[in-house]
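So this one's structure-v5.txt, compact mmCIF, C-alpha atoms:
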# COMPACT_ATOMS: atom_id res chain seq x y z
CA MET L 1 27.37 11.95 15.24
CA THR L 2 26.92 14.64 17.90
CA GLU L 3 24.71 16.95 15.89
CA SER L 4 21.49 17.52 17.83
CA LEU L 5 18.34 16.38 16.12
CA PRO L 6 14.91 17.86 16.83
CA LEU L 7 13.06 15.24 18.90
CA ASN L 8 10.07 17.52 19.61
CA LEU L 9 8.44 19.70 17.00
CA PRO L 10 5.65 22.27 16.88
CA ILE L 11 2.54 21.48 14.80
CA ASP L 12 -0.58 23.41 13.87
CA LEU L 13 -3.56 21.42 12.70
CA THR L 14 -7.34 21.37 12.69
CA VAL L 15 -9.06 18.64 14.69
CA ASN L 16 -12.83 18.31 14.30
CA GLY L 17 -12.95 21.90 13.04
CA GLU L 18 -10.93 23.33 15.93
CA ARG L 19 -7.48 24.89 15.43
CA ILE L 20 -4.88 23.20 17.61
CA SER L 21 -1.25 24.17 18.23
CA ALA L 22 1.00 21.75 20.10
CA THR L 23 4.53 20.51 20.44
CA VAL L 24 4.78 16.79 19.85
CA PRO L 25 7.52 14.18 20.13
CA ALA L 26 8.52 13.16 16.60
CA ARG L 27 7.83 9.52 17.44
CA GLN L 28 4.26 10.12 18.68
CA HIS L 29 1.53 8.47 16.59
CA LEU L 30 -1.39 10.62 15.53
CA ILE L 31 -3.76 8.30 17.39
CA ASP L 32 -1.79 8.75 20.63
CA PHE L 33 -1.74 12.52 20.18
CA LEU L 34 -5.53 12.51 19.75
CA ARG L 35 -6.18 10.16 22.66
CA GLU L 36 -3.52 11.19 25.19
CA THR L 37 -3.01 14.90 24.48
CA LEU L 38 -6.45 15.94 23.22
CA SER L 39 -8.41 13.32 25.26
CA LEU L 40 -10.32 12.26 22.13
CA THR L 41 -10.52 8.61 23.16
CA GLY L 42 -13.31 7.58 20.79
CA SER L 43 -10.93 6.19 18.19
CA HIS L 44 -9.28 3.08 19.56
CA ILE L 45 -5.80 1.58 19.49
CA GLY L 46 -5.70 -2.10 18.60
CA CYS L 47 -2.74 -3.76 16.96
CA GLU L 48 -0.50 -0.71 16.55
CA HIS L 49 0.94 -1.98 13.31
CA GLY L 50 -1.70 -1.26 10.73
CA VAL L 51 -3.58 -4.55 10.62
CA CYS L 52 -6.78 -4.13 12.66
CA GLY L 53 -8.26 -0.78 11.58
CA ALA L 54 -9.53 0.21 15.07
CA CYS L 55 -7.66 3.53 14.83
CA SER L 56 -9.11 4.53 11.41
CA ILE L 57 -9.59 8.30 11.24
CA ARG L 58 -9.85 10.92 8.52
CA VAL L 59 -6.91 13.15 7.56
CA ASN L 60 -7.64 15.73 4.87
CA GLY L 61 -10.77 13.80 3.97
CA ALA L 62 -9.07 10.42 3.49
CA VAL L 63 -9.29 7.47 5.88
CA VAL L 64 -5.89 6.58 7.36
CA ARG L 65 -4.44 4.41 10.10
CA GLY L 66 -3.86 6.55 13.19
CA CYS L 67 -1.10 4.16 14.30
CA LEU L 68 0.79 4.42 10.99
CA THR L 69 0.71 8.21 10.89
CA LEU L 70 2.94 10.40 13.03
CA ALA L 71 1.38 13.45 14.64
CA VAL L 72 4.29 15.52 13.34
CA GLN L 73 3.34 14.56 9.77
CA CYS L 74 -0.05 16.23 10.30
CA ASP L 75 1.25 19.78 10.55
CA GLY L 76 -1.25 21.81 8.53
CA ALA L 77 -3.67 18.91 8.17
CA SER L 78 -7.37 18.68 8.92
CA VAL L 79 -8.23 15.68 11.10
CA ASP L 80 -11.69 14.26 11.82
CA THR L 81 -12.08 11.75 14.63
CA ILE L 82 -15.13 9.68 15.44
CA GLU L 83 -16.16 12.42 17.90
CA GLY L 84 -16.21 15.01 15.12
CA LEU L 85 -18.02 12.75 12.67
CA SER L 86 -20.56 11.89 15.35
CA ASP L 87 -21.18 15.42 16.67
CA SER L 88 -21.58 16.89 13.20
CA GLY L 89 -24.35 14.42 12.32
CA ALA L 90 -22.36 13.29 9.26
CA ILE L 91 -22.70 9.62 10.21
CA ALA L 92 -26.06 9.71 12.05
CA ASP L 93 -27.67 7.43 9.45
CA LEU L 94 -24.78 4.94 9.65
CA GLN L 95 -24.91 4.93 13.43
CA SER L 96 -28.63 4.20 13.51
CA ALA L 97 -28.22 1.50 10.83
CA PHE L 98 -25.48 -0.13 12.96
CA HIS L 99 -27.88 0.02 15.93
CA GLU L 100 -30.84 -1.39 14.02
CA ARG L 101 -28.82 -4.18 12.43
CA ASN L 102 -26.97 -5.13 15.62
CA ALA L 103 -23.73 -4.36 13.80
CA LEU L 104 -21.72 -4.15 17.00
CA GLN L 105 -21.29 -6.18 20.13
CA CYS L 106 -18.29 -5.18 22.24
CA GLY L 107 -17.91 -1.96 20.24
CA PHE L 108 -14.13 -1.89 20.11
CA CYS L 109 -13.92 -1.91 16.32
CA THR L 110 -16.98 0.31 15.84
CA PRO L 111 -15.30 3.75 15.60
CA GLY L 112 -13.01 2.41 12.88
CA MET L 113 -15.88 0.60 11.15
CA LEU L 114 -17.92 3.83 11.12
CA ALA L 115 -15.01 5.89 9.78
CA THR L 116 -14.41 3.35 7.01
CA GLY L 117 -18.14 2.88 6.41
CA TYR L 118 -18.58 6.64 6.04
CA ASP L 119 -15.80 6.64 3.45
CA ILE L 120 -17.49 3.80 1.55
CA VAL L 121 -20.96 5.39 1.43
CA ARG L 122 -19.50 8.71 0.30
CA ARG L 123 -17.06 7.38 -2.26
CA LEU L 124 -18.95 4.34 -3.55
CA PRO L 125 -22.72 4.86 -3.25
CA ASP L 126 -23.31 2.03 -5.75
CA ALA L 127 -21.11 -0.48 -3.94
CA ASP L 128 -22.56 -3.99 -3.75
CA GLU L 129 -21.94 -6.42 -0.93
CA ALA L 130 -18.77 -7.88 -2.47
CA ARG L 131 -17.23 -4.44 -2.98
CA ILE L 132 -18.15 -3.36 0.55
CA ARG L 133 -16.48 -6.47 1.94
CA ARG L 134 -13.35 -5.70 -0.09
CA GLU L 135 -13.30 -2.07 1.05
CA LEU L 136 -13.87 -3.14 4.65
CA SER L 137 -11.15 -5.81 4.54
CA GLY L 138 -8.76 -3.67 6.55
CA ASN L 139 -11.05 -3.46 9.58
CA ILE L 140 -11.22 -6.46 11.90
CA CYS L 141 -14.25 -7.32 14.05
CA ARG L 142 -14.02 -10.26 16.46
CA CYS L 143 -17.71 -10.29 17.54
CA THR L 144 -20.22 -9.85 14.75
CA GLY L 145 -19.01 -12.02 11.90
CA TYR L 146 -19.24 -8.91 9.66
CA HIS L 147 -22.62 -9.71 8.06
CA ALA L 148 -24.52 -7.11 10.07
CA ILE L 149 -21.83 -4.47 9.50
CA VAL L 150 -21.84 -5.06 5.75
CA ASP L 151 -25.67 -5.00 5.73
CA ALA L 152 -25.76 -1.71 7.63
CA ILE L 153 -23.28 -0.04 5.27
CA GLU L 154 -25.04 -1.42 2.19
CA THR L 155 -28.40 -0.10 3.46
CA VAL L 156 -27.04 3.38 4.06
CA ALA L 157 -25.16 3.43 0.76
CA ALA L 158 -28.37 2.55 -1.09
CA LYS L 159 -30.42 5.15 0.82
CA ARG L 160 -27.83 7.86 0.27
CA GLY L 161 -27.51 6.93 -3.40
CA ALA L 162 -31.29 7.09 -3.89
CA GLY L 163 -31.73 10.31 -1.92
CA ALA L 164 -28.88 12.19 -3.57
CA MET Y 1 4.66 -0.89 20.36
CA LYS Y 2 5.92 2.69 20.44
CA PRO Y 3 8.98 3.59 18.39
CA THR Y 4 12.25 4.50 20.06
CA PRO Y 5 12.79 8.28 20.07
CA PHE Y 6 14.01 9.73 16.79
CA GLY Y 7 14.56 13.13 15.28
CA TYR Y 8 12.49 14.37 12.37
CA VAL Y 9 13.14 16.77 9.54
CA LYS Y 10 10.60 17.59 6.87
CA ALA Y 11 12.74 18.08 3.77
CA ALA Y 12 12.01 21.25 1.81
CA SER Y 13 13.92 20.05 -1.26
CA LEU Y 14 15.46 16.88 -2.68
CA PRO Y 15 19.02 18.29 -2.34
CA GLN Y 16 18.33 18.94 1.35
CA ALA Y 17 17.06 15.37 1.81
CA LEU Y 18 20.12 13.96 0.02
CA ASP Y 19 22.41 16.13 2.11
CA LEU Y 20 20.82 14.94 5.36
CA LEU Y 21 21.03 11.36 4.15
CA ALA Y 22 24.72 11.81 3.30
CA ARG Y 23 25.52 13.37 6.66
CA HIS Y 24 23.61 10.91 8.84
CA GLY Y 25 24.28 7.74 6.87
CA GLU Y 26 22.78 4.59 8.31
CA GLU Y 27 21.33 6.47 11.27
CA ALA Y 28 18.79 8.11 8.96
CA GLN Y 29 15.75 6.69 7.21
CA ILE Y 30 13.70 8.23 4.43
CA LEU Y 31 10.03 8.60 5.36
CA ALA Y 32 7.63 8.68 2.39
CA GLY Y 33 4.16 7.24 3.07
CA GLY Y 34 5.41 5.37 6.12
CA GLN Y 35 3.00 2.46 5.79
CA SER Y 36 5.77 -0.14 6.02
CA LEU Y 37 8.41 1.92 7.82
CA ILE Y 38 6.21 2.94 10.75
CA PRO Y 39 5.16 -0.65 11.61
CA THR Y 40 8.84 -1.64 11.74
CA LEU Y 41 9.51 1.35 14.01
CA ASN Y 42 6.51 0.47 16.19
CA MET Y 43 7.80 -3.06 16.62
CA ARG Y 44 11.33 -1.72 17.10
CA LEU Y 45 12.65 -3.83 14.26
CA SER Y 46 14.53 -0.70 13.29
CA ALA Y 47 15.54 2.31 15.35
CA PRO Y 48 16.83 5.16 13.18
CA ARG Y 49 18.00 8.34 14.90
CA LEU Y 50 16.52 10.54 12.18
CA LEU Y 51 13.54 10.38 9.86
CA ILE Y 52 13.86 12.50 6.73
CA ASP Y 53 10.29 13.16 5.63
CA ILE Y 54 10.24 13.64 1.86
CA SER Y 55 6.44 13.59 1.55
CA GLY Y 56 6.30 17.34 0.89
CA LEU Y 57 8.45 17.18 -2.26
CA ALA Y 58 5.82 17.84 -4.92
CA ASP Y 59 8.29 17.25 -7.77
CA LEU Y 60 8.49 13.58 -6.80
CA SER Y 61 4.75 13.04 -7.15
CA GLY Y 62 2.44 12.74 -10.13
CA ILE Y 63 1.68 10.61 -13.18
CA ALA Y 64 2.45 11.65 -16.76
CA VAL Y 65 2.93 10.19 -20.23
CA ALA Y 66 5.79 11.35 -22.45
CA GLY Y 67 6.11 9.56 -25.78
CA ASP Y 68 5.87 5.84 -25.12
CA ILE Y 69 6.76 6.10 -21.42
CA LEU Y 70 4.44 6.33 -18.43
CA ARG Y 71 6.26 8.09 -15.61
CA ILE Y 72 5.07 7.67 -12.03
CA GLY Y 73 6.67 9.89 -9.39
CA ALA Y 74 8.01 7.87 -6.48
CA LEU Y 75 5.87 9.77 -3.98
CA THR Y 76 2.61 9.21 -5.85
CA ARG Y 77 0.23 7.63 -3.39
CA HIS Y 78 -1.30 4.23 -4.17
CA ALA Y 79 -4.81 5.73 -4.04
CA GLU Y 80 -3.85 8.17 -6.80
CA VAL Y 81 -2.35 5.43 -8.96
CA GLU Y 82 -5.47 3.32 -8.38
CA LYS Y 83 -7.83 5.98 -9.75
CA SER Y 84 -5.52 7.27 -12.50
CA GLU Y 85 -6.96 7.07 -16.02
CA LEU Y 86 -3.43 7.24 -17.45
CA VAL Y 87 -2.44 4.14 -15.49
CA ALA Y 88 -5.64 2.32 -16.45
CA ARG Y 89 -5.03 3.06 -20.14
CA HIS Y 90 -1.26 2.70 -20.39
CA ALA Y 91 -0.39 0.23 -17.61
CA PRO Y 92 -3.48 -1.97 -17.13
CA LEU Y 93 -1.40 -4.52 -15.21
CA ILE Y 94 -0.73 -1.99 -12.46
CA ALA Y 95 -4.38 -0.94 -12.42
CA ALA Y 96 -5.34 -4.61 -11.97
CA ALA Y 97 -2.85 -5.09 -9.13
CA MET Y 98 -3.73 -1.91 -7.23
CA PRO Y 99 -6.84 -3.18 -5.39
CA HIS Y 100 -4.65 -5.94 -3.92
CA VAL Y 101 -2.14 -3.50 -2.44
CA ALA Y 102 -3.03 -3.55 1.27
CA HIS Y 103 -6.27 -1.85 2.33
CA PRO Y 104 -7.83 1.47 1.25
CA ALA Y 105 -6.67 3.32 4.38
CA ILE Y 106 -3.10 2.22 3.71
CA ARG Y 107 -3.34 3.04 -0.01
CA ASN Y 108 -4.34 6.58 1.01
CA ARG Y 109 -0.86 7.14 2.47
CA GLY Y 110 1.48 4.52 1.03
CA THR Y 111 3.54 5.51 -2.02
CA PHE Y 112 4.37 3.76 -5.28
CA GLY Y 113 8.10 4.34 -4.92
CA GLY Y 114 8.10 3.41 -1.25
CA SER Y 115 6.80 -0.05 -2.06
CA LEU Y 116 9.54 -0.55 -4.66
CA ALA Y 117 12.36 0.82 -2.49
CA LEU Y 118 11.30 -1.47 0.38
CA ALA Y 119 11.25 -4.58 -1.87
CA ASP Y 120 9.04 -6.72 0.31
CA PRO Y 121 8.96 -10.10 -1.46
CA ALA Y 122 5.16 -10.27 -1.04
CA ALA Y 123 4.49 -6.82 -2.48
CA GLU Y 124 2.57 -6.53 -5.76
CA LEU Y 125 4.27 -3.54 -7.39
CA PRO Y 126 7.84 -4.90 -7.62
CA ALA Y 127 6.54 -7.92 -9.56
CA CYS Y 128 4.46 -5.65 -11.82
CA CYS Y 129 7.48 -3.44 -12.53
CA LEU Y 130 9.55 -6.53 -13.33
CA ALA Y 131 6.87 -7.87 -15.69
CA LEU Y 132 6.61 -4.49 -17.42
CA ALA Y 133 10.40 -4.00 -17.69
CA ALA Y 134 10.15 -0.72 -15.81
CA THR Y 135 13.13 1.53 -15.10
CA MET Y 136 13.87 3.05 -11.69
CA ILE Y 137 15.19 6.61 -11.64
CA VAL Y 138 17.48 7.12 -8.67
CA GLN Y 139 19.06 10.33 -7.37
CA ALA Y 140 22.28 10.70 -5.42
CA PRO Y 141 24.12 13.92 -4.50
CA SER Y 142 26.51 13.21 -7.38
CA GLY Y 143 23.77 12.81 -9.99
CA SER Y 144 21.04 10.48 -11.14
CA ARG Y 145 21.14 7.01 -12.62
CA ARG Y 146 18.68 4.57 -14.17
CA ILE Y 147 18.28 0.97 -13.02
CA ALA Y 148 16.30 -1.68 -14.89
CA ALA Y 149 13.75 -3.49 -12.72
CA ARG Y 150 15.51 -6.83 -13.35
CA ASP Y 151 18.69 -5.37 -11.79
CA PHE Y 152 16.91 -3.43 -9.04
CA PHE Y 153 15.48 -6.22 -6.87
CA LYS Y 154 18.45 -8.02 -5.34
CA GLY Y 155 16.95 -10.07 -2.54
CA LEU Y 156 14.86 -9.99 0.62
CA PHE Y 157 14.18 -6.28 1.24
CA GLU Y 158 17.33 -5.62 -0.76
CA THR Y 159 17.60 -3.38 -3.81
CA ALA Y 160 20.32 -1.87 -5.97
CA LEU Y 161 19.84 1.44 -4.14
CA GLU Y 162 23.13 2.46 -2.58
CA ALA Y 163 23.63 4.41 0.62
CA GLY Y 164 22.66 8.01 0.06
CA GLU Y 165 20.43 7.35 -2.95
CA VAL Y 166 16.72 8.10 -3.22
CA LEU Y 167 14.27 6.59 -5.72
CA THR Y 168 12.56 9.52 -7.45
CA ALA Y 169 10.49 8.09 -10.32
CA ILE Y 170 9.56 4.95 -12.21
CA GLU Y 171 9.34 4.77 -16.00
CA ILE Y 172 7.10 2.15 -17.55
CA PRO Y 173 6.81 1.41 -21.30
CA ILE Y 174 3.19 2.07 -22.21
CA ALA Y 175 0.94 -0.76 -23.35
CA VAL Y 176 0.96 -1.47 -27.09
CA PRO Y 177 -1.88 -2.84 -29.26
CA GLY Y 178 -2.23 -6.59 -28.82
CA GLN Y 179 -0.53 -6.57 -25.41
CA VAL Y 180 -2.54 -8.43 -22.76
CA PHE Y 181 -2.17 -8.51 -18.99
CA ALA Y 182 -3.13 -10.61 -16.00
CA PHE Y 183 -2.69 -10.17 -12.27
CA GLU Y 184 -3.57 -12.89 -9.77
CA GLU Y 185 -2.71 -13.46 -6.15
CA LEU Y 186 -3.73 -15.65 -3.24
CA ALA Y 187 -4.08 -14.10 0.22
CA ARG Y 188 -5.90 -15.29 3.32
CA ARG Y 189 -7.78 -11.98 3.58
CA HIS Y 190 -8.23 -9.50 0.74
CA GLY Y 191 -5.50 -6.90 1.04
CA ASP Y 192 -3.21 -9.00 3.21
CA TYR Y 193 0.24 -9.91 1.98
CA ALA Y 194 -0.06 -12.49 -0.76
CA ILE Y 195 1.03 -16.07 -0.12
CA VAL Y 196 2.04 -16.02 -3.77
CA GLY Y 197 1.03 -13.95 -6.79
CA ILE Y 198 1.73 -13.47 -10.49
CA ALA Y 199 1.96 -10.42 -12.75
CA ALA Y 200 1.86 -11.46 -16.40
CA THR Y 201 1.98 -9.80 -19.79
CA ALA Y 202 2.15 -11.07 -23.36
CA ARG Y 203 1.46 -10.10 -26.95
CA LYS Y 204 -1.50 -11.84 -28.50
CA ALA Y 205 -1.62 -12.09 -32.28
CA ALA Y 206 -4.86 -12.01 -34.27
CA ASP Y 207 -4.83 -15.82 -34.41
CA GLY Y 208 -4.38 -16.03 -30.63
CA THR Y 209 -0.69 -16.93 -30.68
CA LEU Y 210 1.18 -15.63 -27.63
CA SER Y 211 4.62 -14.02 -27.74
CA ASP Y 212 6.78 -11.64 -25.67
CA ILE Y 213 5.55 -13.40 -22.54
CA ARG Y 214 6.76 -12.19 -19.16
CA LEU Y 215 5.62 -13.98 -16.00
CA ALA Y 216 6.75 -12.25 -12.81
CA TYR Y 217 6.04 -13.94 -9.49
CA LEU Y 218 5.73 -12.22 -6.14
CA ASN Y 219 6.53 -14.07 -2.92
CA LEU Y 220 7.51 -17.23 -4.77
CA GLU Y 221 11.12 -16.51 -3.88
CA SER Y 222 12.71 -13.89 -1.64
CA ARG Y 223 12.54 -11.33 -4.44
CA PRO Y 224 10.28 -10.95 -7.49
CA VAL Y 225 11.40 -13.35 -10.20
CA LEU Y 226 10.68 -13.89 -13.90
CA ALA Y 227 9.69 -17.43 -14.80
CA GLY Y 228 11.59 -17.53 -18.09
CA LYS Y 229 11.22 -21.24 -18.80
CA ALA Y 230 7.50 -21.23 -18.11
CA ALA Y 231 7.16 -18.23 -20.44
CA ALA Y 232 9.18 -20.04 -23.13
CA ALA Y 233 6.82 -23.04 -22.87
CA LEU Y 234 3.88 -20.77 -23.66
CA ALA Y 235 5.52 -18.80 -26.47
CA GLY Y 236 4.14 -19.59 -29.90
CA THR Y 237 1.11 -21.40 -28.45
CA THR Y 238 -2.44 -20.12 -27.97
CA GLY Y 239 -2.29 -20.85 -24.26
CA ASP Y 240 -4.24 -24.09 -24.67
CA ALA Y 241 -4.43 -26.74 -21.93
CA ALA Y 242 -1.36 -28.64 -23.14
CA ALA Y 243 0.70 -25.45 -23.24
CA VAL Y 244 -0.41 -24.49 -19.74
CA THR Y 245 0.58 -27.93 -18.42
CA ALA Y 246 3.97 -27.64 -20.12
CA ALA Y 247 4.46 -24.17 -18.62
CA GLN Y 248 3.48 -25.41 -15.16
CA ASP Y 249 5.99 -28.25 -15.45
CA ALA Y 250 8.66 -25.82 -16.63
CA LEU Y 251 7.90 -23.61 -13.62
CA ALA Y 252 8.46 -26.55 -11.28
CA GLY Y 253 11.88 -27.04 -12.87
CA GLU Y 254 13.06 -23.45 -12.50
CA ALA Y 255 11.49 -22.10 -9.28
CA SER Y 256 13.19 -22.16 -5.89
CA PRO Y 257 10.21 -21.34 -3.65
CA HIS Y 258 10.95 -20.03 -0.18
CA ALA Y 259 9.21 -20.96 3.06
CA ASP Y 260 7.48 -18.69 5.56
CA LEU Y 261 4.72 -18.90 8.16
CA ASN Y 262 2.05 -19.09 5.44
CA ALA Y 263 3.34 -21.86 3.22
CA THR Y 264 6.02 -24.47 2.66
CA PRO Y 265 7.99 -24.44 -0.61
CA GLU Y 266 5.86 -27.34 -1.88
CA THR Y 267 2.59 -25.54 -1.18
CA ARG Y 268 3.94 -22.35 -2.68
CA LEU Y 269 4.96 -24.11 -5.89
CA HIS Y 270 1.56 -25.76 -6.13
CA LEU Y 271 -0.19 -22.40 -5.71
CA ALA Y 272 2.15 -20.79 -8.24
CA ARG Y 273 1.19 -23.45 -10.78
CA VAL Y 274 -2.50 -22.83 -10.11
CA LEU Y 275 -2.04 -19.09 -10.54
CA LEU Y 276 -0.15 -19.65 -13.79
CA GLY Y 277 -3.21 -21.43 -15.17
CA ARG Y 278 -5.51 -18.63 -14.04
CA ALA Y 279 -3.22 -15.96 -15.45
CA VAL Y 280 -3.02 -17.64 -18.86
CA ALA Y 281 -6.81 -17.96 -18.89
CA ARG Y 282 -6.98 -14.20 -18.44
CA LEU Y 283 -4.33 -13.52 -21.06
CA ILE Y 284 -6.20 -15.49 -23.73
CA ALA Y 285 -9.71 -14.38 -22.71

Mind converting the file's structure to structure tokens?
Amino acid sequence: MTESLPLNLPIDLTVNGERISATVPARQHLIDFLRETLSLTGSHIGCEHGVCGACSIRVNGAVVRGCLTLAVQCDGASVDTIEGLSDSGAIADLQSAFHERNALQCGFCTPGMLATGYDIVRRLPDADEARIRRELSGNICRCTGYHAIVDAIETVAAKRGAGA
Amino acid sequence: MKPTPFGYVKAASLPQALDLLARHGEEAQILAGGQSLIPTLNMRLSAPRLLIDISGLADLSGIAVAGDILRIGALTRHAEVEKSELVARHAPLIAAAMPHVAHPAIRNRGTFGGSLALADPAAELPACCLALAATMIVQAPSGSRRIAARDFFKGLFETALEAGEVLTAIEIPIAVPGQVFAFEELARRHGDYAIVGIAATARKAADGTLSDIRLAYLNLESRPVLAGKAAAALAGTTGDAAAVTAAQDALAGEASPHADLNATPETRLHLARVLLGRAVARLIA
């Protein structure tokens, strides 16, 4: 087979509200495009095969694994990284609840925990502890033992539910 | 942990995807949700030269009921199936299994058809489709064909799909009055691949008698299997303790459990017996 295949492709997408045009290798993961090309290093790379959740980001409003999504698949998409969520104030209450509850230690999992936590408090304001644990099952933390993270998310979910 | 270089084409139509697949043969892979394919690329367990991205083919996505058939487009994402009222009403077994399919972030991208075409022995949806006697709709350049679930899953990651074919939709007979369902699985962490699981359905008469029992196991063997003898032991009973014991013994006589890092065949059979008891308890509840 000598037919040439396109190994690099142009994409246009929105990242944290900003229009971006780039040419990306087809094999490049979205998380690597964000970190290496756009220098948005807030979202982390852990296992690189979809198990740990450190690279959780939002694509078109849904949480996805940045290591199981190719940048080229995001042509036309709207991507929110932890930098965008943080700067916009969208997760300010979650961040302060994580701080108050000591819901992080080394911080490696925290960007992914916040992205997933934000999804939980938006989608499931009535979630109880068991549901939060189930929803959070795809994000691994090796420091905290999860209790503080679950508490922080539950507190914010309840506050947001009551204040809505 | 980075894939080898590959080319990429976003298919604009199913004929274009089929044409690319025909021209590139084994060097090409279909990319749908990518939630199983991309990990294998990352770990370089496979190294295709071309990915044919079919995720933009809107005709292959969506959930609809026509007559007594629930049709799920192969590209329908797990998250959409999970929140579908049509699925909850007409295929409660699939609705019950959905929260066990990986994690929410993976369900946001993974597709219903992708899970079936991959045929991971530990996946939930192949066993559900086997229990529900679903039909796979498959397209090739020469035309389409229909494959019953019992003929579709051939072995470890092996299906009846032939080179050049693409799974386009799944047809599931809708639930009828008196039909009951149960889904159970055991996993070390919620959302992880199950060590073993069961997808069960039966008809329950007004007096509690069970009939039309189908017990499909996931990850008991290298492909989803129906436990026909265990089902026969339950048929005509009310699922009482003696019937459950008889079914568990029948299961031990017919199953050929496989071994992996999580469990030996003996452990797997034990867990399968436990799950059978739990599933029957749900069916008769």

- Query: What residues in chain Y have any atom no more than 8 Å from chain L when counting all atoms listed in the file, and can you write them as a ChimeraX atom specification?
  - Reply: /Y:1-9,24,34-35,38-39,42-43,50,102-106,108-109,189-191

- Please provide the set of residues having any atom within 6 Å of segment 171-173 of chain Y, restricted to all atoms listed in the file, with same-chain residues fewer than 4 positions apart removed, written as a list in words. Asp68, Ile69, Leu70, Arg71, Ala134 and Thr135 of chain Y

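Coordinates place atom CA of Asp19 of chain Y at a distance of 23.9 Å from atom CA of Ile72 of chain Y.
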
- Could you list as a PyMOL selection string every residue that has an atom within 12 Å of (13.4, -16.5, -17.5), using the file's coordinates and counting all atoms listed in the file? chain Y and resi 130-131+150+212-217+224-233+247+250-251+253-255

- Item | Nearest-residue call for Ala64 of chain Y, choices Y:Leu156, Y:Ile174, Y:Ile147, Y:Ile52, using all atoms listed in the file |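 Residue with the minimum atom-to-atom distance to Ala64 of chain Y: Y:Ile174.
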
- Could you pull the residues within 9 Å of Leu104 of chain L, counting all atoms listed in the file, minus those fewer than 5 positions along the same chain, as a list in words?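 My reading of the contact set: Phe98, His99, Cys109, Thr110, Cys141, Cys143, Thr144, Ala148 and Ile149 of chain L.
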
- Message: Show me the residues around (1.8, -12.7, -14.2) - criterion: an atom at most 12 Å away, all atoms listed in the file counted - as a PyMOL selection string.
- Response: chain Y and resi 93-94+96-97+124-132+180-185+196-202+213-218+220+224-228+230-231+272-283

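Coordinates place atom CA of Ser78 of chain L at a distance of 6.0 Å from atom CA of Val15 of chain L.
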
Please put the answer as lines of an AutoDock Vina configuration file: centre and edge lengths, in Å with one decimal, of a box along x, y and z that encloses all listed atoms of segment 167-173 of chain Y plus 5 Å on each side.
center_x = 10.5
center_y = 5.5
center_z = -13.5
size_x = 17.5
size_y = 18.1
size_z = 25.6

- Query: With only C-alpha atoms as the basis for distance, which of Y:Gly236, Y:Ile63, Y:Pro121, Y:Gly110 is at the shortest distance from Val87 of chain Y?
  - Reply: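 Looking at the shortest contact to Val87 of chain Y, the residue is Y:Ile63.
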
- Query: Can you list, as a PyMOL selection string, every protein, DNA or RNA residue that comes within 12 Å of Glu85 of chain Y when you count only C-alpha atoms, leaving out same-chain residues fewer than 3 positions away?
  - Reply: chain Y and resi 63-65+70+80-82+88-92+94-95

- Message: Would you compute the distance between atom CA of Ala54 of chain L and atom CA of Ala117 of chain Y? Give it in Å to one decimal.
- Response: 28.1 Å

- Please provide the set of residues having any atom within 10 Å of His147 of chain L, restricted to only C-alpha atoms, with same-chain residues fewer than 4 positions apart removed, written as an NGL selection string. :L and (101-103 or 129 or 133 or 151-152)

Export C-alpha atoms of the chosen residues as a PDB file, keeping the file's coordinate frame?
ATOM      1  CA  ARG L 101     -28.820  -4.180  12.430  1.00  0.00           C
ATOM      2  CA  ASN L 102     -26.970  -5.130  15.620  1.00  0.00           C
ATOM      3  CA  ALA L 103     -23.730  -4.360  13.800  1.00  0.00           C
ATOM      4  CA  GLU L 129     -21.940  -6.420  -0.930  1.00  0.00           C
ATOM      5  CA  ARG L 133     -16.480  -6.470   1.940  1.00  0.00           C
ATOM      6  CA  ASP L 151     -25.670  -5.000   5.730  1.00  0.00           C
ATOM      7  CA  ALA L 152     -25.760  -1.710   7.630  1.00  0.00           C
TER       8      ALA L 152
END

- Could you name the residues that touch Leu116 of chain Y at 12 Å or less, counting only C-alpha atoms, but leaving out those on the same chain fewer than 2 positions away, as a PyMOL selection string? chain Y and resi 32+36+72-75+78+110-114+118-130+134-138+149+152-154+157-161+166-170+223-224

- Message: Using only C-alpha atoms for the distances, tell me which of L:Gly163, L:Cys55, L:Gly145, L:Ala71 is nearest to Met113 of chain L.
- Response: L:Cys55

- Message: Could you check the closest approach to Leu18 of chain Y for each of Y:Ala58, Y:Ala242, Y:Ala163, Y:Leu269 and tell me which residue wins, using all atoms listed in the file?
- Response: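 Of Y:Ala58, Y:Ala242, Y:Ala163, Y:Leu269, the one nearest Leu18 of chain Y is Y:Ala163, counting all atoms listed in the file.
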